[in-house]
Amino acid sequence: MSKLWGGRFEAPADELVEALGESVSFDARLAPWDIQGSVAHARMLGQQGIISQADADAIIAGLETLASEIAQGQFHWDPALEDVHTNIEAALTERIGDAGKRLHTGRSRNDQIALDTRMWARDQAAAVREGLTALMRALIDFGEAHVETLLPGCTHLQHAQPVLLGHHALAYVEMLRRDRERFAELHNRINVLPLGSAALAGTPYPIDRECVARELGFDSVSRNSMDAVSDRDFAVEFCADAAIVMMHLSRLCEELILWSTPEYGFITIGDAFTTGSSIMPQKKNPDVAELVRGKTARVYGDVTAILTLMKGLPLTYNRDMQEDKLPLFDASDTVQLCLAAMARMIPAVEVHAGRMEAAAREGFLEATDLADYLVEKGVPFREAHHTIGRIVAHCVKHGLRLGDLPEEELRAYSGEFGADALDLLDPRAIVERRGHVGGTAALRVREALQEARAAL
Ligand code: ARG
């Protein structure tokens, strides 16, 4: 089979050109979208009288046969034919003869690959949104099951103030909601039809782009042919949005890993999501959480690769851009796999509520509320902060908790302390005092869980 651009060449390509230039080994997965795009293009060519109706019909029937062969794994992909487009076009021509050679009228592989990648990315963005929703649902279920469980809220990984585990879980739901929004907004920028731009300048044939856009579910057609064949912003954005998801997942994983250590003892991750050691029989390692955290690095690499790929490329299409698929596919596959694994792992997390609550009573998490008590009595906050700091130092020195100090001893630090001060110190009371929107009081957390579920 001669190369599709063979006409003006006399010498064959160097033997390394195929290894370097073939993309079918990775872009064959675009075949279903490539064929859908070609069917719409052929139908439009027939309708506009650019090719005969008989040719259009033959092309469409031929493409449909190829689609099912490919779906059944019966298609032979040939790297000598470079990419998904030429493999399919060559097979089509082999089956239906000359009509197949008319499919590419008014089109270039430059607008064709832009089309395929957009259609593929549109479907993957929807799949990522579903993956995010599934994980959000798992976290909401988890939050509901443990809505009343106390745990120490941290800053700097140091005990700060008590919070409810439901509130903690909802913090991740918020992150994932923003991620889902990002992928929904990305959809709008993906969903512009590039086909019709041809190589870069458009085509002299009387094409009907709107009709192709409608058939393929695009909201609009591109306004500039040069931009349309050279724009990969949507692919960069896809990788970047995926990287943000991974950043969120890795934070959650880090907490699960810490919480499952014997030092914390807050949770046990189910057997199905942990693995043993080949040498240490006692081990139960949180590998799934570690792998998701690790795969975050890959997706960051994908963003860097695709940004660097596009940097400095002059208009319009450049062959460099063939390399965009590797990071794009990898970012999409990785984020979808990790979201699915996390959605299955969360229900397998067993919470040791007693241990968590005990920890919420260690580390002076009541200190801020005790300072607030003095503020209510009219002490300026800075002064109250200093006074409580001295009390804490005293407790640390003598191995006491704030609640261990009798009222008289508190009064030695400030005359404003009354008998009611000690009532404040219960972590549950502390949580309940944060009843504003966005606060950790149980009622608010229940409301927030309901709101989040409704938003699924
Ligand atoms: N395989 C190519 C890619 O992925 C398709 C476009 C080829 N265009 C070209 N002018 N060589 O970018």
# chains A, B, ... in the order shown; residues from 1 in each chain; ligands from 1
>>> residues_near_ligand(ligand="ligand 1", cutoff="6 Å", atoms="only C-alpha atoms and all ligand atoms", output="PDB file with all heavy atoms, in the first residue's frame")
ATOM      1  N   SER A  23       1.409   6.720  15.118  1.00  0.00           N
ATOM      2  CA  SER A  23       0.678   7.028  16.353  1.00  0.00           C
ATOM      3  C   SER A  23      -0.444   6.025  16.578  1.00  0.00           C
ATOM      4  O   SER A  23      -1.136   6.076  17.581  1.00  0.00           O
ATOM      5  CB  SER A  23       0.111   8.447  16.302  1.00  0.00           C
ATOM      6  OG  SER A  23      -0.747   8.597  15.180  1.00  0.00           O
ATOM      7  N   ASP A  83      -1.487   6.367  11.373  1.00  0.00           N
ATOM      8  CA  ASP A  83      -2.398   6.733  12.462  1.00  0.00           C
ATOM      9  C   ASP A  83      -3.784   6.133  12.259  1.00  0.00           C
ATOM     10  O   ASP A  83      -4.053   5.424  11.284  1.00  0.00           O
ATOM     11  CB  ASP A  83      -2.463   8.261  12.644  1.00  0.00           C
ATOM     12  CG  ASP A  83      -2.909   9.008  11.397  1.00  0.00           C
ATOM     13  OD1 ASP A  83      -3.577   8.389  10.539  1.00  0.00           O
ATOM     14  OD2 ASP A  83      -2.597  10.205  11.274  1.00  0.00           O
ATOM     15  N   ARG A 109      -6.412  15.782   7.820  1.00  0.00           N
ATOM     16  CA  ARG A 109      -6.237  15.100   9.104  1.00  0.00           C
ATOM     17  C   ARG A 109      -6.086  16.112  10.240  1.00  0.00           C
ATOM     18  O   ARG A 109      -6.258  15.778  11.401  1.00  0.00           O
ATOM     19  CB  ARG A 109      -5.005  14.187   9.040  1.00  0.00           C
ATOM     20  CG  ARG A 109      -5.305  12.849   8.413  1.00  0.00           C
ATOM     21  CD  ARG A 109      -4.126  11.919   8.577  1.00  0.00           C
ATOM     22  NE  ARG A 109      -2.962  12.419   7.855  1.00  0.00           N
ATOM     23  CZ  ARG A 109      -1.714  12.000   8.052  1.00  0.00           C
ATOM     24  NH1 ARG A 109      -1.469  11.074   8.964  1.00  0.00           N
ATOM     25  NH2 ARG A 109      -0.709  12.490   7.352  1.00  0.00           N
ATOM     26  N   ASN A 110      -5.769  17.369   9.867  1.00  0.00           N
ATOM     27  CA  ASN A 110      -5.590  18.365  10.929  1.00  0.00           C
ATOM     28  C   ASN A 110      -6.908  18.714  11.622  1.00  0.00           C
ATOM     29  O   ASN A 110      -6.968  18.801  12.846  1.00  0.00           O
ATOM     30  CB  ASN A 110      -4.935  19.629  10.365  1.00  0.00           C
ATOM     31  CG  ASN A 110      -3.550  19.347   9.812  1.00  0.00           C
ATOM     32  OD1 ASN A 110      -3.032  18.243   9.999  1.00  0.00           O
ATOM     33  ND2 ASN A 110      -2.951  20.310   9.143  1.00  0.00           N
ATOM     34  N   ILE A 113      -8.225  15.232  13.368  1.00  0.00           N
ATOM     35  CA  ILE A 113      -7.699  14.841  14.692  1.00  0.00           C
ATOM     36  C   ILE A 113      -8.209  15.803  15.768  1.00  0.00           C
ATOM     37  O   ILE A 113      -8.480  15.400  16.905  1.00  0.00           O
ATOM     38  CB  ILE A 113      -6.149  14.739  14.711  1.00  0.00           C
ATOM     39  CG1 ILE A 113      -5.657  14.138  16.030  1.00  0.00           C
ATOM     40  CG2 ILE A 113      -5.467  16.086  14.505  1.00  0.00           C
ATOM     41  CD1 ILE A 113      -6.110  12.738  16.309  1.00  0.00           C
ATOM     42  N   ARG A 319       3.521  18.787  13.733  1.00  0.00           N
ATOM     43  CA  ARG A 319       3.470  17.357  14.015  1.00  0.00           C
ATOM     44  C   ARG A 319       3.747  17.043  15.485  1.00  0.00           C
ATOM     45  O   ARG A 319       3.317  16.009  16.005  1.00  0.00           O
ATOM     46  CB  ARG A 319       4.450  16.612  13.106  1.00  0.00           C
ATOM     47  CG  ARG A 319       4.325  15.097  13.169  1.00  0.00           C
ATOM     48  CD  ARG A 319       2.981  14.605  12.621  1.00  0.00           C
ATOM     49  NE  ARG A 319       2.863  13.168  12.725  1.00  0.00           N
ATOM     50  CZ  ARG A 319       3.346  12.298  11.844  1.00  0.00           C
ATOM     51  NH1 ARG A 319       3.969  12.745  10.769  1.00  0.00           N
ATOM     52  NH2 ARG A 319       3.215  11.014  12.020  1.00  0.00           N
ATOM     53  N   MET A 321       2.287  18.004  17.777  1.00  0.00           N
ATOM     54  CA  MET A 321       0.994  17.911  18.470  1.00  0.00           C
ATOM     55  C   MET A 321       0.457  16.490  18.523  1.00  0.00           C
ATOM     56  O   MET A 321      -0.433  16.187  19.315  1.00  0.00           O
ATOM     57  CB  MET A 321      -0.015  18.869  17.818  1.00  0.00           C
ATOM     58  CG  MET A 321       0.312  20.327  18.144  1.00  0.00           C
ATOM     59  SD  MET A 321      -0.353  21.508  16.964  1.00  0.00           S
ATOM     60  CE  MET A 321      -2.082  21.341  17.300  1.00  0.00           C
ATOM     61  N   GLN A 322       0.997  15.625  17.675  1.00  0.00           N
ATOM     62  CA  GLN A 322       0.605  14.222  17.747  1.00  0.00           C
ATOM     63  C   GLN A 322       0.891  13.646  19.140  1.00  0.00           C
ATOM     64  O   GLN A 322       0.228  12.721  19.594  1.00  0.00           O
ATOM     65  CB  GLN A 322       1.386  13.434  16.681  1.00  0.00           C
ATOM     66  CG  GLN A 322       1.150  11.949  16.689  1.00  0.00           C
ATOM     67  CD  GLN A 322       1.618  11.306  15.396  1.00  0.00           C
ATOM     68  OE1 GLN A 322       1.057  11.587  14.349  1.00  0.00           O
ATOM     69  NE2 GLN A 322       2.645  10.484  15.455  1.00  0.00           N
TER      70      GLN A 322
END
>>> residues_around(residues="A:Ala358", least_positions_apart="6", cutoff="10 Å", atoms="only C-alpha atoms", output="ChimeraX atom specification")
/A:150-152
>>> closest_residue(among="A:Lys311, A:Arg107, A:Arg344, A:Arg232", to="A:Asp141", atoms="only C-alpha atoms")
A:Arg344
>>> residues_around(residues="A:Ala126", least_positions_apart="6", cutoff="10 Å", atoms="only C-alpha atoms", output="list in words")
Leu132, Arg180, Phe183, Ala184 and His187 of chain A
>>> residues_around(residues="A:Thr334", least_positions_apart="3", cutoff="10 Å", atoms="only C-alpha atoms", output="list in words")
Ala242, Ala243, Met246, Val292, Lys295, Thr296, Arg298, Val299, Leu328, Phe329, Asp330, Ala331, Leu337, Cys338, Leu339 and Ala340 of chain A
>>> write_last_selection(atoms="N, CA and C atoms", output="tab-separated table (two decimals), in the first residue's frame")
chain	number	residue	atom	x	y	z
A	242	ALA	N	-7.61	17.44	35.76
A	242	ALA	CA	-7.37	16.10	36.32
A	242	ALA	C	-6.32	16.17	37.41
A	243	ALA	N	-5.31	17.01	37.21
A	243	ALA	CA	-4.25	17.14	38.22
A	243	ALA	C	-4.82	17.71	39.52
A	246	MET	N	-6.52	14.94	41.29
A	246	MET	CA	-5.53	14.04	41.89
A	246	MET	C	-4.92	14.67	43.15
A	292	VAL	N	-2.67	5.82	44.81
A	292	VAL	CA	-3.40	7.00	44.31
A	292	VAL	C	-2.55	8.24	44.56
A	295	LYS	N	0.20	8.15	42.00
A	295	LYS	CA	-0.22	8.41	40.62
A	295	LYS	C	-0.48	9.90	40.39
A	296	THR	N	-0.68	10.62	41.47
A	296	THR	CA	-0.82	12.08	41.36
A	296	THR	C	0.40	12.66	40.65
A	298	ARG	N	2.20	11.30	38.37
A	298	ARG	CA	2.09	11.06	36.91
A	298	ARG	C	1.25	12.11	36.24
A	299	VAL	N	0.12	12.42	36.88
A	299	VAL	CA	-0.79	13.37	36.23
A	299	VAL	C	-0.18	14.77	36.23
A	328	LEU	N	-2.63	13.28	27.52
A	328	LEU	CA	-4.08	13.44	27.68
A	328	LEU	C	-4.74	12.10	28.06
A	329	PHE	N	-4.40	11.05	27.32
A	329	PHE	CA	-4.98	9.73	27.62
A	329	PHE	C	-4.57	9.28	29.02
A	330	ASP	N	-3.30	9.50	29.34
A	330	ASP	CA	-2.80	9.03	30.62
A	330	ASP	C	-3.50	9.76	31.78
A	331	ALA	N	-3.64	11.07	31.64
A	331	ALA	CA	-4.29	11.84	32.71
A	331	ALA	C	-5.74	11.37	32.89
A	337	LEU	N	-9.44	5.89	36.94
A	337	LEU	CA	-9.13	4.69	37.73
A	337	LEU	C	-9.06	5.03	39.23
A	338	CYS	N	-8.40	6.12	39.53
A	338	CYS	CA	-8.22	6.49	40.94
A	338	CYS	C	-9.55	6.87	41.58
A	339	LEU	N	-10.39	7.59	40.85
A	339	LEU	CA	-11.70	7.95	41.40
A	339	LEU	C	-12.51	6.69	41.69
A	340	ALA	N	-12.48	5.74	40.76
A	340	ALA	CA	-13.26	4.51	40.95
A	340	ALA	C	-12.74	3.72	42.15
>>> residues_around(residues="A:Gly131", least_positions_apart="2", cutoff="7 Å", atoms="only C-alpha atoms", output="JSON, numbers by chain")
{"A": [127, 128, 129, 133, 134, 135, 336, 339, 340]}
>>> write_last_selection(atoms="N, CA and C atoms", output="short mmCIF file (atom, residue, chain, number, x, y, z; two decimals), in the first residue's frame")
data_model
loop_
_atom_site.label_atom_id
_atom_site.label_comp_id
_atom_site.auth_asym_id
_atom_site.auth_seq_id
_atom_site.Cartn_x
_atom_site.Cartn_y
_atom_site.Cartn_z
N ALA A 127 -17.31 11.17 31.86
CA ALA A 127 -16.98 10.00 32.69
C ALA A 127 -16.27 10.44 33.97
N VAL A 128 -15.41 11.44 33.87
CA VAL A 128 -14.73 11.93 35.08
C VAL A 128 -15.78 12.53 36.03
N ARG A 129 -16.74 13.25 35.44
CA ARG A 129 -17.80 13.84 36.31
C ARG A 129 -18.58 12.74 37.02
N THR A 133 -18.85 12.11 41.03
CA THR A 133 -20.14 11.99 41.72
C THR A 133 -20.16 10.72 42.57
N ALA A 134 -19.63 9.63 42.04
CA ALA A 134 -19.63 8.37 42.79
C ALA A 134 -18.79 8.51 44.07
N LEU A 135 -17.65 9.17 43.95
CA LEU A 135 -16.82 9.33 45.15
C LEU A 135 -17.49 10.29 46.14
N GLN A 336 -9.61 8.58 36.20
CA GLN A 336 -10.82 7.76 36.27
C GLN A 336 -10.60 6.51 37.13
N LEU A 339 -10.39 7.59 40.85
CA LEU A 339 -11.70 7.95 41.40
C LEU A 339 -12.51 6.69 41.69
N ALA A 340 -12.48 5.74 40.76
CA ALA A 340 -13.26 4.51 40.95
C ALA A 340 -12.74 3.72 42.15
#
>>> closest_atom_pairs(of="stretch 107-177 of chain A", to="stretch 188-202 of chain A", cutoff="7 Å", atoms="only C-alpha atoms", output="Markdown table")
| residue | atom | partner | partner_atom | distance |
| --- | --- | --- | --- | --- |
| A:Arg107 | CA | A:Ala198 | CA | 4.5 |
| A:Ser108 | CA | A:Ala198 | CA | 4.6 |
| A:Asn110 | CA | A:Ala199 | CA | 5.4 |
| A:Asp111 | CA | A:Leu195 | CA | 5.1 |
| A:Gln112 | CA | A:Leu195 | CA | 6.4 |
| A:Ala114 | CA | A:Pro194 | CA | 6.4 |
| A:Leu115 | CA | A:Pro194 | CA | 5.8 |
| A:Arg118 | CA | A:Ile190 | CA | 5.8 |
| A:Arg122 | CA | A:Ile190 | CA | 6.4 |
>>> write_last_selection(atoms="all heavy atoms", output="CSV table (one decimal), in the first residue's frame")
chain,number,residue,atom,x,y,z
A,107,ARG,N,-11.6,18.0,3.7
A,107,ARG,CA,-11.2,17.7,5.1
A,107,ARG,C,-9.7,17.4,5.1
A,107,ARG,O,-9.1,17.0,4.1
A,107,ARG,CB,-12.0,16.5,5.6
A,107,ARG,CG,-11.6,16.0,6.9
A,107,ARG,CD,-12.5,14.8,7.3
A,107,ARG,NE,-12.0,13.5,6.9
A,107,ARG,CZ,-12.4,12.3,7.4
A,107,ARG,NH1,-13.4,12.3,8.3
A,107,ARG,NH2,-11.9,11.2,6.9
A,108,SER,N,-9.1,17.6,6.2
A,108,SER,CA,-7.7,17.3,6.4
A,108,SER,C,-7.5,16.5,7.7
A,108,SER,O,-8.4,16.5,8.5
A,108,SER,CB,-6.9,18.6,6.6
A,108,SER,OG,-5.7,18.4,7.3
A,110,ASN,N,-5.8,17.4,9.9
A,110,ASN,CA,-5.6,18.4,10.9
A,110,ASN,C,-6.9,18.7,11.6
A,110,ASN,O,-7.0,18.8,12.8
A,110,ASN,CB,-4.9,19.6,10.4
A,110,ASN,CG,-3.6,19.3,9.8
A,110,ASN,OD1,-3.0,18.2,10.0
A,110,ASN,ND2,-3.0,20.3,9.1
A,111,ASP,N,-8.0,18.9,10.8
A,111,ASP,CA,-9.2,19.2,11.5
A,111,ASP,C,-9.9,17.9,12.0
A,111,ASP,O,-10.6,17.8,12.9
A,111,ASP,CB,-10.2,20.0,10.7
A,111,ASP,CG,-10.6,19.5,9.3
A,111,ASP,OD1,-9.9,18.5,8.8
A,111,ASP,OD2,-11.5,20.0,8.7
A,112,GLN,N,-9.5,16.8,11.3
A,112,GLN,CA,-10.0,15.5,11.7
A,112,GLN,C,-9.5,15.1,13.1
A,112,GLN,O,-10.3,14.6,14.0
A,112,GLN,CB,-9.6,14.4,10.7
A,112,GLN,CG,-10.3,13.1,10.9
A,112,GLN,CD,-9.9,12.1,9.8
A,112,GLN,OE1,-9.1,12.4,8.9
A,112,GLN,NE2,-10.4,10.9,9.9
A,114,ALA,N,-8.4,17.1,15.4
A,114,ALA,CA,-8.9,18.0,16.4
A,114,ALA,C,-10.4,17.6,16.7
A,114,ALA,O,-10.8,17.6,17.9
A,114,ALA,CB,-8.9,19.4,15.8
A,115,LEU,N,-11.1,17.2,15.7
A,115,LEU,CA,-12.5,16.7,16.0
A,115,LEU,C,-12.5,15.5,16.9
A,115,LEU,O,-13.2,15.4,17.9
A,115,LEU,CB,-13.2,16.4,14.6
A,115,LEU,CG,-14.5,15.7,14.8
A,115,LEU,CD1,-15.6,16.7,15.3
A,115,LEU,CD2,-15.0,15.1,13.4
A,118,ARG,N,-11.5,16.1,20.4
A,118,ARG,CA,-12.6,16.9,21.2
A,118,ARG,C,-13.7,15.9,21.5
A,118,ARG,O,-14.3,16.0,22.6
A,118,ARG,CB,-13.1,18.0,20.3
A,118,ARG,CG,-12.2,19.3,20.4
A,118,ARG,CD,-12.7,20.4,19.6
A,118,ARG,NE,-11.8,21.5,19.5
A,118,ARG,CZ,-11.7,22.5,20.4
A,118,ARG,NH1,-12.6,22.6,21.4
A,118,ARG,NH2,-10.8,23.4,20.3
A,122,ARG,N,-14.7,15.0,25.3
A,122,ARG,CA,-16.0,15.4,25.8
A,122,ARG,C,-16.6,14.2,26.5
A,122,ARG,O,-17.2,14.3,27.6
A,122,ARG,CB,-16.9,15.7,24.5
A,122,ARG,CG,-18.3,16.1,24.7
A,122,ARG,CD,-18.9,16.5,23.4
A,122,ARG,NE,-19.1,15.5,22.5
A,122,ARG,CZ,-19.7,15.6,21.3
A,122,ARG,NH1,-20.1,16.8,20.9
A,122,ARG,NH2,-19.9,14.6,20.5
>>> atom_distance(atom1="atom CA of A:Gly438", atom2="atom CA of A:Ala452")
12.4 Å
>>> closest_residue(among="A:Val212, A:Ala169, A:Ala359, A:Ile306", to="A:Glu255", atoms="only C-alpha atoms")
A:Ala169
>>> closest_residue(among="A:Ser52, A:Leu424, A:Ile140, A:Trp77", to="A:Ala454", atoms="only C-alpha atoms")
A:Ile140
>>> select_by_dssp(residues="stretch 48-270 of chain A", states="helix (DSSP H, G or I)", output="VMD selection string")
chain A and resid 53 to 71 79 to 81 84 to 102 109 to 145 165 to 190 209 to 215 225 to 230 233 to 259
>>> residues_around(residues="A:Gly354", least_positions_apart="3", cutoff="12 Å", atoms="only C-alpha atoms", output="ChimeraX atom specification")
/A:146,148-151,264-267,351,357-361
>>> write_last_selection(atoms="C-alpha atoms", output="short mmCIF file (atom, residue, chain, number, x, y, z; two decimals), in the first residue's frame")
data_model
loop_
_atom_site.label_atom_id
_atom_site.label_comp_id
_atom_site.auth_asym_id
_atom_site.auth_seq_id
_atom_site.Cartn_x
_atom_site.Cartn_y
_atom_site.Cartn_z
CA HIS A 146 -20.13 9.14 61.34
CA GLU A 148 -21.57 12.64 65.35
CA THR A 149 -18.10 11.18 65.71
CA LEU A 150 -15.66 13.69 67.22
CA LEU A 151 -12.13 14.01 66.04
CA TYR A 264 -3.26 7.27 65.22
CA GLY A 265 -5.41 4.15 65.25
CA PHE A 266 -8.38 6.17 63.94
CA ILE A 267 -9.33 3.77 61.14
CA VAL A 351 -13.78 4.08 61.97
CA GLU A 357 -12.97 10.95 70.36
CA ALA A 358 -10.31 10.23 72.96
CA ALA A 359 -7.82 12.06 70.77
CA ALA A 360 -10.22 15.00 70.56
CA ARG A 361 -9.87 15.32 74.33
#
>>> atom_distance(atom1="atom CA of A:Arg382", atom2="atom CA of A:Glu366")
16.6 Å
>>> atom_distance(atom1="atom CA of A:Tyr205", atom2="atom CA of A:Ile50")
7.1 Å
>>> decode(residues="stretch 91-108 of chain A", atoms="N, CA, C and O atoms", output="mmCIF file, in the first residue's frame")
data_model
loop_
_atom_site.group_PDB
_atom_site.id
_atom_site.type_symbol
_atom_site.label_atom_id
_atom_site.label_comp_id
_atom_site.auth_asym_id
_atom_site.auth_seq_id
_atom_site.Cartn_x
_atom_site.Cartn_y
_atom_site.Cartn_z
ATOM 1 N N ALA A 91 -8.586 0.932 4.973
ATOM 2 C CA ALA A 91 -9.447 -0.250 5.068
ATOM 3 C C ALA A 91 -10.764 -0.006 4.338
ATOM 4 O O ALA A 91 -11.304 -0.893 3.678
ATOM 5 N N LEU A 92 -11.261 1.208 4.453
ATOM 6 C CA LEU A 92 -12.527 1.544 3.795
ATOM 7 C C LEU A 92 -12.398 1.420 2.272
ATOM 8 O O LEU A 92 -13.242 0.816 1.601
ATOM 9 N N THR A 93 -11.313 1.975 1.757
ATOM 10 C CA THR A 93 -11.091 1.946 0.306
ATOM 11 C C THR A 93 -10.902 0.505 -0.182
ATOM 12 O O THR A 93 -11.386 0.123 -1.242
ATOM 13 N N GLU A 94 -10.229 -0.292 0.652
ATOM 14 C CA GLU A 94 -10.041 -1.700 0.316
ATOM 15 C C GLU A 94 -11.405 -2.401 0.186
ATOM 16 O O GLU A 94 -11.610 -3.216 -0.700
ATOM 17 N N ARG A 95 -12.345 -2.036 1.085
ATOM 18 C CA ARG A 95 -13.662 -2.694 1.080
ATOM 19 C C ARG A 95 -14.577 -2.175 -0.015
ATOM 20 O O ARG A 95 -15.236 -2.929 -0.701
ATOM 21 N N ILE A 96 -14.667 -0.838 -0.146
ATOM 22 C CA ILE A 96 -15.725 -0.293 -1.013
ATOM 23 C C ILE A 96 -15.187 0.313 -2.299
ATOM 24 O O ILE A 96 -15.944 0.833 -3.113
ATOM 25 N N GLY A 97 -13.862 0.266 -2.489
ATOM 26 C CA GLY A 97 -13.292 0.778 -3.729
ATOM 27 C C GLY A 97 -13.232 2.293 -3.764
ATOM 28 O O GLY A 97 -13.132 2.953 -2.719
ATOM 29 N N ASP A 98 -13.345 2.848 -4.951
ATOM 30 C CA ASP A 98 -13.064 4.273 -5.176
ATOM 31 C C ASP A 98 -13.869 5.241 -4.322
ATOM 32 O O ASP A 98 -13.396 6.335 -4.002
ATOM 33 N N ALA A 99 -15.095 4.870 -3.955
ATOM 34 C CA ALA A 99 -15.903 5.775 -3.131
ATOM 35 C C ALA A 99 -15.142 6.139 -1.858
ATOM 36 O O ALA A 99 -15.192 7.282 -1.378
ATOM 37 N N GLY A 100 -14.389 5.172 -1.324
ATOM 38 C CA GLY A 100 -13.623 5.394 -0.089
ATOM 39 C C GLY A 100 -12.628 6.535 -0.240
ATOM 40 O O GLY A 100 -12.338 7.257 0.718
ATOM 41 N N LYS A 101 -12.127 6.692 -1.469
ATOM 42 C CA LYS A 101 -11.123 7.729 -1.713
ATOM 43 C C LYS A 101 -11.745 9.126 -1.730
ATOM 44 O O LYS A 101 -11.031 10.122 -1.804
ATOM 45 N N ARG A 102 -13.085 9.173 -1.740
ATOM 46 C CA ARG A 102 -13.742 10.487 -1.765
ATOM 47 C C ARG A 102 -14.086 11.016 -0.372
ATOM 48 O O ARG A 102 -14.492 12.161 -0.218
ATOM 49 N N LEU A 103 -13.927 10.148 0.642
ATOM 50 C CA LEU A 103 -14.295 10.560 2.004
ATOM 51 C C LEU A 103 -13.529 11.789 2.477
ATOM 52 O O LEU A 103 -14.065 12.643 3.177
ATOM 53 N N HIS A 104 -12.275 11.890 2.078
ATOM 54 C CA HIS A 104 -11.431 12.945 2.637
ATOM 55 C C HIS A 104 -11.620 14.298 1.930
ATOM 56 O O HIS A 104 -10.915 15.261 2.215
ATOM 57 N N THR A 105 -12.592 14.367 1.010
ATOM 58 C CA THR A 105 -12.856 15.624 0.290
ATOM 59 C C THR A 105 -13.207 16.744 1.279
ATOM 60 O O THR A 105 -14.052 16.555 2.154
ATOM 61 N N GLY A 106 -12.559 17.873 1.154
ATOM 62 C CA GLY A 106 -12.891 19.033 1.980
ATOM 63 C C GLY A 106 -12.477 18.863 3.428
ATOM 64 O O GLY A 106 -12.986 19.567 4.313
ATOM 65 N N ARG A 107 -11.581 17.968 3.697
ATOM 66 C CA ARG A 107 -11.185 17.705 5.068
ATOM 67 C C ARG A 107 -9.689 17.419 5.089
ATOM 68 O O ARG A 107 -9.109 17.037 4.071
ATOM 69 N N SER A 108 -9.067 17.613 6.236
ATOM 70 C CA SER A 108 -7.653 17.305 6.408
ATOM 71 C C SER A 108 -7.541 16.476 7.672
ATOM 72 O O SER A 108 -8.438 16.481 8.509
#
